[in-house]
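Here the structure comes first, spelled out in structure tokens, and everything after it is commentary.
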Protein chains: 2
Amino acid sequence: MPDTFLDKDQPANRFARAREAQAAAVLEDYVEMIGDLIEEFGEARVADIAARMSVSQPTATKSIARLKREGLAMSRPYRGVFLTEEGAALATRVRARHRTIVEFLVKTGVPRDIAELDAEGIEHHVSQVTLEVFERALQARGGD
Amino acid sequence: MPDTFLDKDQPANRFARAREAQAAAVLEDYVEMIGDLIEEFGEARVADIAARMSVSQPTATKSIARLKREGLAMSRPYRGVFLTEEGAALATRVRARHRTIVEFLVKTGVPRDIAELDAEGIEHHVSQVTLEVFERALQARGGD
DNA sequence: ACACAAATATAGCCATGGCTATAACTTGGT
DNA sequence: ACCAAGTTATAGCCATGGCTATATTTGTGT
Ligand SMILES: [Mn+2]
Ligand SMILES: [Mn+2]
Ligand SMILES: [Mn+2]
Ligand SMILES: [Mn+2]
């Protein structure tokens, strides 16, 4: 065996890679939205999270349990949900990526409302390299 | 109740919409690939489908069962898999969309290998409107 | 203090898409 | 004809993310 260090979690092919990206999608959307709610209301209630995600309250509760398991959020029973440092950092990154993608689509010619809809799914599959390409495209004569 | 006809299946919000797009992703990838295999080898064997998807053979068998249930494919036990008319039509559409997205990303400045990886996930979330915007961008001085 | 409404948790169901282990079938070679 | 190898099907497990129904807790108003 060679003693070089290989990148971990290298998916075998493009389908496996897309599956991995998808697995993080729910986590990403929840932390971003919990961050939004805390920003807006000072706290994130389960009922508000469920409403914004358009899922039932028990479904939101279950996903929040996964966030907690993965160290992204914290909460005590019947209290609001908070982000850990790691969760807050993820929320910030995810929010920036979301915005970049929407703005890139809009600049390319997609109506903003449609860009918002498409971006909600697309965002989870855009690699860092592609994101930087989008950012560069936006900087080039950005607000024409 | 008003007697106007409303569009069916209108998701309540962007998250529900992304969930719906995701639900079709596996179906789309399988029909496209089965079409590829039939094109290349004259038939699509379960083992080859599983290998290309990087899943186990039983996982492929199960997904093929879903394709059959949904009227996209047909097969008899221990025989190859075939596409129905509907499945073949979907494969054609999905393949064209995949290519458009890859070419658009490449033209925007994303390295081709990365564009291929990202497109495998992105493709399922690009609306018809956005796809047409991409196509127009490609036609404008396409091969510089 | 207490009752009631609202919010949250819990129980228990389902479909999907992963997996491994093993059974059953098909096929090619002797 | 038959056996071995290869291929496909089946059984049975798990995690995730949906749902409804119901229990529990919180907090507010009287
Ligand atoms: Mn999203
Ligand atoms: Mn988002
Ligand atoms: Mn795909
Ligand atoms: Mn594809």
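Ligands are numbered from 1 in the order shown, chains are lettered A, B, ... in the order of the structure tokens, and residues start at 1 in each chain.
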Contacts of range 16-28 of chain C within 10 Å, only C-alpha atoms (C1' of nucleotides), excl. fewer than 3 positions in-chain, as a PDB file with N, CA, C and O atoms (P, O5', C5', C4', C3', O3' and C1' of nucleotides), in the first residue's frame:
ATOM      1  N   ALA B  23     -37.960  13.435  -5.902  1.00  0.00           N
ATOM      2  CA  ALA B  23     -38.638  12.137  -5.960  1.00  0.00           C
ATOM      3  C   ALA B  23     -38.547  11.516  -7.349  1.00  0.00           C
ATOM      4  O   ALA B  23     -38.616  10.294  -7.507  1.00  0.00           O
ATOM      5  N   VAL B  26     -34.390   9.504  -9.179  1.00  0.00           N
ATOM      6  CA  VAL B  26     -33.958   8.123  -9.394  1.00  0.00           C
ATOM      7  C   VAL B  26     -34.585   7.567 -10.679  1.00  0.00           C
ATOM      8  O   VAL B  26     -33.902   6.939 -11.494  1.00  0.00           O
ATOM      9  N   VAL B  55     -24.607   0.808  -7.233  1.00  0.00           N
ATOM     10  CA  VAL B  55     -25.433   0.253  -6.155  1.00  0.00           C
ATOM     11  C   VAL B  55     -25.347  -1.265  -6.260  1.00  0.00           C
ATOM     12  O   VAL B  55     -24.862  -1.814  -7.250  1.00  0.00           O
ATOM     13  N   SER B  56     -25.803  -1.941  -5.222  1.00  0.00           N
ATOM     14  CA  SER B  56     -25.807  -3.396  -5.254  1.00  0.00           C
ATOM     15  C   SER B  56     -26.876  -3.882  -6.242  1.00  0.00           C
ATOM     16  O   SER B  56     -27.800  -3.147  -6.593  1.00  0.00           O
ATOM     17  N   PRO B  58     -29.325  -6.091  -5.763  1.00  0.00           N
ATOM     18  CA  PRO B  58     -30.702  -6.054  -5.247  1.00  0.00           C
ATOM     19  C   PRO B  58     -31.289  -4.644  -5.219  1.00  0.00           C
ATOM     20  O   PRO B  58     -32.492  -4.479  -5.436  1.00  0.00           O
ATOM     21  N   THR B  59     -30.455  -3.643  -4.958  1.00  0.00           N
ATOM     22  CA  THR B  59     -30.956  -2.268  -4.981  1.00  0.00           C
ATOM     23  C   THR B  59     -31.425  -1.898  -6.381  1.00  0.00           C
ATOM     24  O   THR B  59     -32.494  -1.297  -6.555  1.00  0.00           O
ATOM     25  N   ALA B  60     -30.648  -2.271  -7.374  1.00  0.00           N
ATOM     26  CA  ALA B  60     -31.058  -2.001  -8.754  1.00  0.00           C
ATOM     27  C   ALA B  60     -32.361  -2.722  -9.080  1.00  0.00           C
ATOM     28  O   ALA B  60     -33.282  -2.138  -9.658  1.00  0.00           O
ATOM     29  N   LYS B  62     -34.721  -3.559  -7.141  1.00  0.00           N
ATOM     30  CA  LYS B  62     -35.845  -2.907  -6.475  1.00  0.00           C
ATOM     31  C   LYS B  62     -36.260  -1.628  -7.207  1.00  0.00           C
ATOM     32  O   LYS B  62     -37.454  -1.362  -7.401  1.00  0.00           O
ATOM     33  N   SER B  63     -35.283  -0.836  -7.635  1.00  0.00           N
ATOM     34  CA  SER B  63     -35.612   0.396  -8.344  1.00  0.00           C
ATOM     35  C   SER B  63     -36.255   0.093  -9.694  1.00  0.00           C
ATOM     36  O   SER B  63     -37.168   0.794 -10.139  1.00  0.00           O
ATOM     37  N   ARG B  66     -39.783  -0.444  -9.319  1.00  0.00           N
ATOM     38  CA  ARG B  66     -40.546   0.807  -9.254  1.00  0.00           C
ATOM     39  C   ARG B  66     -40.768   1.375 -10.658  1.00  0.00           C
ATOM     40  O   ARG B  66     -41.859   1.848 -10.995  1.00  0.00           O
ATOM     41  N   PRO B  77     -38.771 -12.054 -15.493  1.00  0.00           N
ATOM     42  CA  PRO B  77     -37.722 -12.546 -14.594  1.00  0.00           C
ATOM     43  C   PRO B  77     -36.523 -13.112 -15.339  1.00  0.00           C
ATOM     44  O   PRO B  77     -36.679 -13.847 -16.318  1.00  0.00           O
ATOM     45  N   TYR B  78     -35.365 -12.772 -14.914  1.00  0.00           N
ATOM     46  CA  TYR B  78     -34.087 -13.273 -15.454  1.00  0.00           C
ATOM     47  C   TYR B  78     -33.843 -12.819 -16.891  1.00  0.00           C
ATOM     48  O   TYR B  78     -32.962 -13.338 -17.557  1.00  0.00           O
ATOM     49  N   ARG B  79     -34.594 -11.841 -17.341  1.00  0.00           N
ATOM     50  CA  ARG B  79     -34.369 -11.281 -18.676  1.00  0.00           C
ATOM     51  C   ARG B  79     -33.934  -9.828 -18.533  1.00  0.00           C
ATOM     52  O   ARG B  79     -33.996  -9.258 -17.446  1.00  0.00           O
TER      53      ARG B  79
ATOM     54  P    DA D   4     -20.452 -29.424 -10.183  1.00  0.00           P
ATOM     55  O5'  DA D   4     -19.840 -28.083 -10.767  1.00  0.00           O
ATOM     56  C5'  DA D   4     -19.134 -28.116 -12.009  1.00  0.00           C
ATOM     57  C4'  DA D   4     -18.852 -26.693 -12.465  1.00  0.00           C
ATOM     58  C3'  DA D   4     -18.708 -25.704 -11.304  1.00  0.00           C
ATOM     59  O3'  DA D   4     -17.737 -24.719 -11.670  1.00  0.00           O
ATOM     60  C1'  DA D   4     -20.613 -25.126 -12.595  1.00  0.00           C
ATOM     61  P    DA D   5     -17.326 -23.580 -10.665  1.00  0.00           P
ATOM     62  O5'  DA D   5     -17.802 -22.307 -11.497  1.00  0.00           O
ATOM     63  C5'  DA D   5     -17.669 -22.334 -12.913  1.00  0.00           C
ATOM     64  C4'  DA D   5     -18.363 -21.118 -13.499  1.00  0.00           C
ATOM     65  C3'  DA D   5     -18.267 -19.872 -12.619  1.00  0.00           C
ATOM     66  O3'  DA D   5     -18.086 -18.762 -13.480  1.00  0.00           O
ATOM     67  C1'  DA D   5     -20.536 -20.416 -12.946  1.00  0.00           C
ATOM     68  P    DG D   6     -17.834 -17.314 -12.904  1.00  0.00           P
ATOM     69  O5'  DG D   6     -19.170 -16.586 -13.399  1.00  0.00           O
ATOM     70  C5'  DG D   6     -19.546 -16.735 -14.759  1.00  0.00           C
ATOM     71  C4'  DG D   6     -20.964 -16.278 -14.927  1.00  0.00           C
ATOM     72  C3'  DG D   6     -21.249 -14.912 -14.300  1.00  0.00           C
ATOM     73  O3'  DG D   6     -21.968 -14.148 -15.254  1.00  0.00           O
ATOM     74  C1'  DG D   6     -22.826 -16.485 -13.529  1.00  0.00           C
ATOM     75  P    DT D   7     -22.241 -12.595 -15.036  1.00  0.00           P
ATOM     76  O5'  DT D   7     -23.813 -12.563 -14.785  1.00  0.00           O
ATOM     77  C5'  DT D   7     -24.665 -13.227 -15.713  1.00  0.00           C
ATOM     78  C4'  DT D   7     -26.055 -13.271 -15.137  1.00  0.00           C
ATOM     79  C3'  DT D   7     -26.534 -11.958 -14.529  1.00  0.00           C
ATOM     80  O3'  DT D   7     -27.702 -11.582 -15.227  1.00  0.00           O
ATOM     81  C1'  DT D   7     -26.991 -13.791 -13.078  1.00  0.00           C
ATOM     82  P    DT D   8     -28.468 -10.217 -14.937  1.00  0.00           P
ATOM     83  O5'  DT D   8     -29.626 -10.719 -13.947  1.00  0.00           O
ATOM     84  C5'  DT D   8     -30.552 -11.680 -14.426  1.00  0.00           C
ATOM     85  C4'  DT D   8     -31.465 -12.107 -13.310  1.00  0.00           C
ATOM     86  C3'  DT D   8     -32.170 -10.957 -12.591  1.00  0.00           C
ATOM     87  O3'  DT D   8     -33.560 -11.190 -12.669  1.00  0.00           O
ATOM     88  C1'  DT D   8     -31.228 -12.476 -11.039  1.00  0.00           C
ATOM     89  P    DA D   9     -34.618 -10.259 -11.881  1.00  0.00           P
ATOM     90  O5'  DA D   9     -34.925 -11.152 -10.599  1.00  0.00           O
ATOM     91  C5'  DA D   9     -35.342 -12.496 -10.779  1.00  0.00           C
ATOM     92  C4'  DA D   9     -35.741 -13.122  -9.446  1.00  0.00           C
ATOM     93  C3'  DA D   9     -36.651 -12.257  -8.582  1.00  0.00           C
ATOM     94  O3'  DA D   9     -37.661 -13.099  -8.057  1.00  0.00           O
ATOM     95  C1'  DA D   9     -34.676 -12.783  -7.380  1.00  0.00           C
ATOM     96  P    DT D  10     -38.865 -12.508  -7.183  1.00  0.00           P
ATOM     97  O5'  DT D  10     -38.426 -12.858  -5.690  1.00  0.00           O
ATOM     98  C5'  DT D  10     -37.907 -14.153  -5.406  1.00  0.00           C
ATOM     99  C4'  DT D  10     -37.412 -14.210  -3.975  1.00  0.00           C
ATOM    100  C3'  DT D  10     -38.246 -13.404  -2.977  1.00  0.00           C
ATOM    101  O3'  DT D  10     -38.571 -14.293  -1.930  1.00  0.00           O
ATOM    102  C1'  DT D  10     -35.950 -12.940  -2.708  1.00  0.00           C
ATOM    103  P    DA D  11     -39.689 -13.837  -0.832  1.00  0.00           P
ATOM    104  O5'  DA D  11     -38.804 -13.741   0.487  1.00  0.00           O
ATOM    105  C5'  DA D  11     -37.790 -14.710   0.714  1.00  0.00           C
ATOM    106  C4'  DA D  11     -36.935 -14.299   1.908  1.00  0.00           C
ATOM    107  C3'  DA D  11     -37.676 -13.456   2.942  1.00  0.00           C
ATOM    108  O3'  DA D  11     -37.352 -13.954   4.226  1.00  0.00           O
ATOM    109  C1'  DA D  11     -35.717 -12.327   2.239  1.00  0.00           C
ATOM    110  P    DG D  12     -38.159 -13.454   5.530  1.00  0.00           P
ATOM    111  O5'  DG D  12     -37.158 -12.402   6.171  1.00  0.00           O
ATOM    112  C5'  DG D  12     -35.782 -12.765   6.305  1.00  0.00           C
ATOM    113  C4'  DG D  12     -34.990 -11.517   6.660  1.00  0.00           C
ATOM    114  C3'  DG D  12     -35.779 -10.506   7.507  1.00  0.00           C
ATOM    115  O3'  DG D  12     -34.931  -9.985   8.498  1.00  0.00           O
ATOM    116  C1'  DG D  12     -34.862  -9.440   5.695  1.00  0.00           C
ATOM    117  P    DC D  13     -35.518  -9.417   9.890  1.00  0.00           P
ATOM    118  O5'  DC D  13     -34.695  -8.054  10.034  1.00  0.00           O
ATOM    119  C5'  DC D  13     -33.313  -8.140  10.328  1.00  0.00           C
ATOM    120  C4'  DC D  13     -32.565  -7.020   9.650  1.00  0.00           C
ATOM    121  C3'  DC D  13     -32.961  -5.611  10.081  1.00  0.00           C
ATOM    122  O3'  DC D  13     -32.277  -5.238  11.270  1.00  0.00           O
ATOM    123  C1'  DC D  13     -32.423  -5.743   7.747  1.00  0.00           C
ATOM    124  P    DC D  14     -32.683  -3.926  12.072  1.00  0.00           P
ATOM    125  O5'  DC D  14     -32.076  -2.733  11.211  1.00  0.00           O
ATOM    126  C5'  DC D  14     -30.687  -2.672  10.915  1.00  0.00           C
ATOM    127  C4'  DC D  14     -30.437  -1.436  10.078  1.00  0.00           C
ATOM    128  C3'  DC D  14     -31.101  -0.194  10.678  1.00  0.00           C
ATOM    129  O3'  DC D  14     -30.136   0.758  11.049  1.00  0.00           O
ATOM    130  C1'  DC D  14     -31.602  -0.410   8.349  1.00  0.00           C
ATOM    131  P    DA D  15     -30.619   2.067  11.868  1.00  0.00           P
ATOM    132  O5'  DA D  15     -30.733   3.138  10.679  1.00  0.00           O
ATOM    133  C5'  DA D  15     -29.603   3.401   9.877  1.00  0.00           C
ATOM    134  C4'  DA D  15     -29.913   4.556   8.954  1.00  0.00           C
ATOM    135  C3'  DA D  15     -30.548   5.761   9.651  1.00  0.00           C
ATOM    136  O3'  DA D  15     -29.990   6.927   9.084  1.00  0.00           O
ATOM    137  C1'  DA D  15     -32.025   4.940   7.974  1.00  0.00           C
ATOM    138  P    DT D  16     -30.370   8.378   9.636  1.00  0.00           P
ATOM    139  O5'  DT D  16     -31.439   8.865   8.571  1.00  0.00           O
ATOM    140  C5'  DT D  16     -31.074   8.880   7.211  1.00  0.00           C
ATOM    141  C4'  DT D  16     -32.273   9.243   6.373  1.00  0.00           C
ATOM    142  C3'  DT D  16     -33.048  10.469   6.866  1.00  0.00           C
ATOM    143  O3'  DT D  16     -33.031  11.416   5.826  1.00  0.00           O
ATOM    144  C1'  DT D  16     -34.501   8.693   6.268  1.00  0.00           C
ATOM    145  P    DG D  17     -33.367  12.955   6.107  1.00  0.00           P
ATOM    146  O5'  DG D  17     -34.911  13.011   5.747  1.00  0.00           O
ATOM    147  C5'  DG D  17     -35.319  12.745   4.429  1.00  0.00           C
ATOM    148  C4'  DG D  17     -36.811  12.550   4.396  1.00  0.00           C
ATOM    149  C3'  DG D  17     -37.614  13.601   5.174  1.00  0.00           C
ATOM    150  O3'  DG D  17     -38.753  13.923   4.430  1.00  0.00           O
ATOM    151  C1'  DG D  17     -38.273  11.498   5.808  1.00  0.00           C
TER     152       DG D  17
END
If the cut-off is 6 Å, can you tell me the residues of chain B near chain A, counting only C-alpha atoms? I'd like them as a JSON list (two decimals) with N, CA and C atoms, in the first residue's frame.
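The result, stored in iface.json:
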[["chain", "number", "residue", "atom", "x", "y", "z"],
["B", 14, "ARG", "N", -41.17, 26.47, -1.92],
["B", 14, "ARG", "CA", -40.01, 26.02, -2.69],
["B", 14, "ARG", "C", -39.41, 24.75, -2.15],
["B", 15, "PHE", "N", -39.54, 24.49, -0.87],
["B", 15, "PHE", "CA", -39.00, 23.25, -0.32],
["B", 15, "PHE", "C", -39.82, 22.05, -0.78],
["B", 18, "ALA", "N", -38.83, 21.35, -4.31],
["B", 18, "ALA", "CA", -37.55, 20.63, -4.43],
["B", 18, "ALA", "C", -37.73, 19.17, -4.04],
["B", 53, "MET", "N", -24.77, 2.46, -11.74],
["B", 53, "MET", "CA", -25.32, 3.31, -10.68],
["B", 53, "MET", "C", -24.49, 3.23, -9.41],
["B", 110, "VAL", "N", -16.78, 26.11, -16.12],
["B", 110, "VAL", "CA", -16.55, 24.98, -15.22],
["B", 110, "VAL", "C", -15.81, 23.88, -15.98],
["B", 117, "LEU", "N", -20.02, 15.96, -12.95],
["B", 117, "LEU", "CA", -20.40, 15.58, -11.59],
["B", 117, "LEU", "C", -21.56, 16.42, -11.08],
["B", 118, "ASP", "N", -21.42, 17.73, -11.18],
["B", 118, "ASP", "CA", -22.46, 18.62, -10.67],
["B", 118, "ASP", "C", -23.78, 18.42, -11.41],
["B", 121, "GLY", "N", -26.61, 15.91, -10.32],
["B", 121, "GLY", "CA", -27.58, 16.28, -9.30],
["B", 121, "GLY", "C", -28.43, 17.47, -9.71],
["B", 122, "ILE", "N", -27.79, 18.47, -10.33],
["B", 122, "ILE", "CA", -28.47, 19.72, -10.69],
["B", 122, "ILE", "C", -29.63, 19.47, -11.64],
["B", 125, "HIS", "N", -33.37, 19.54, -10.91],
["B", 125, "HIS", "CA", -33.97, 20.70, -10.26],
["B", 125, "HIS", "C", -34.06, 21.90, -11.20],
["B", 126, "VAL", "N", -33.70, 21.70, -12.44],
["B", 126, "VAL", "CA", -33.75, 22.80, -13.41],
["B", 126, "VAL", "C", -35.10, 22.81, -14.11],
["B", 130, "THR", "N", -35.75, 27.67, -16.99],
["B", 130, "THR", "CA", -34.32, 27.81, -16.80],
["B", 130, "THR", "C", -33.55, 27.04, -17.88]]
Test item: chain C residues at most 9 Å from chain A, counting only C-alpha atoms (C1' of nucleotides), as a PyMOL selection string: chain C and resi 7-9
Counting only C-alpha atoms (C1' of nucleotides), the option among B:Ala50, B:Arg69, B:Arg97, B:Thr84 closest to chain D: B:Ala50
DSSP helix (DSSP H, G or I) selection over chain A, as a PyMOL selection string: chain A and resi 14-41+46-53+57-69+85-108+112-125+128-139
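We find CA of Glu32 in chain A and CA of Thr92 in chain A to be spaced 7.2 Å apart.
When the distance limit is 7 Å and only C-alpha atoms (C1' of nucleotides) are what count, the residues near Leu67 in chain A, minus those fewer than 5 positions from it on the same chain, are Leu27, Leu72 and Ala73 of chain A.
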For the selection you just gave me, I'd like the residues written to a file as a compact mmCIF listing (two decimals), in the first residue's frame, keeping C-alpha atoms.
# COMPACT_ATOMS: atom_id res chain seq x y z
CA LEU A 27 -29.59 19.34 7.05
CA LEU A 72 -25.65 21.10 14.30
CA ALA A 73 -28.43 22.15 16.68
Atom 1 (Mn, counted along the ligand's line) of ligand 1 to CA of Ala24 in chain A, straight-line distance in Å: 9.7 Å
10 Å contacts from chain D to chain A using only C-alpha atoms (C1' of nucleotides), as a PyMOL selection string: chain D and resi 16-20+25-26
Which of range 73-122 of chain B fall in strand (DSSP E), as a PyMOL selection string: chain B and resi 73-74+82-83
Length of the CA of Ala89 in chain A to CA of Ala44 in chain A vector [Å]: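 Taking CA of Ala89 in chain A as the start and CA of Ala44 in chain A as the end point, the length is 16.7 Å.
Residues surrounding DA5 in chain C within 12 Å are D:DT26, D:DG27, D:DT28, D:DG29 [only C-alpha atoms (C1' of nucleotides); sequence separation below 4 positions excluded].
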Please produce a file of those selected residues containing C-alpha atoms (C1' of nucleotides), as a compact mmCIF listing (two decimals), in the first residue's frame.
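Done, and the output landed in part.txt:
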# COMPACT_ATOMS: atom_id res chain seq x y z
C1' DT D 26 -46.35 25.01 28.75
C1' DG D 27 -48.17 29.17 29.56
C1' DT D 28 -52.04 32.44 29.75
C1' DG D 29 -56.25 34.40 31.43
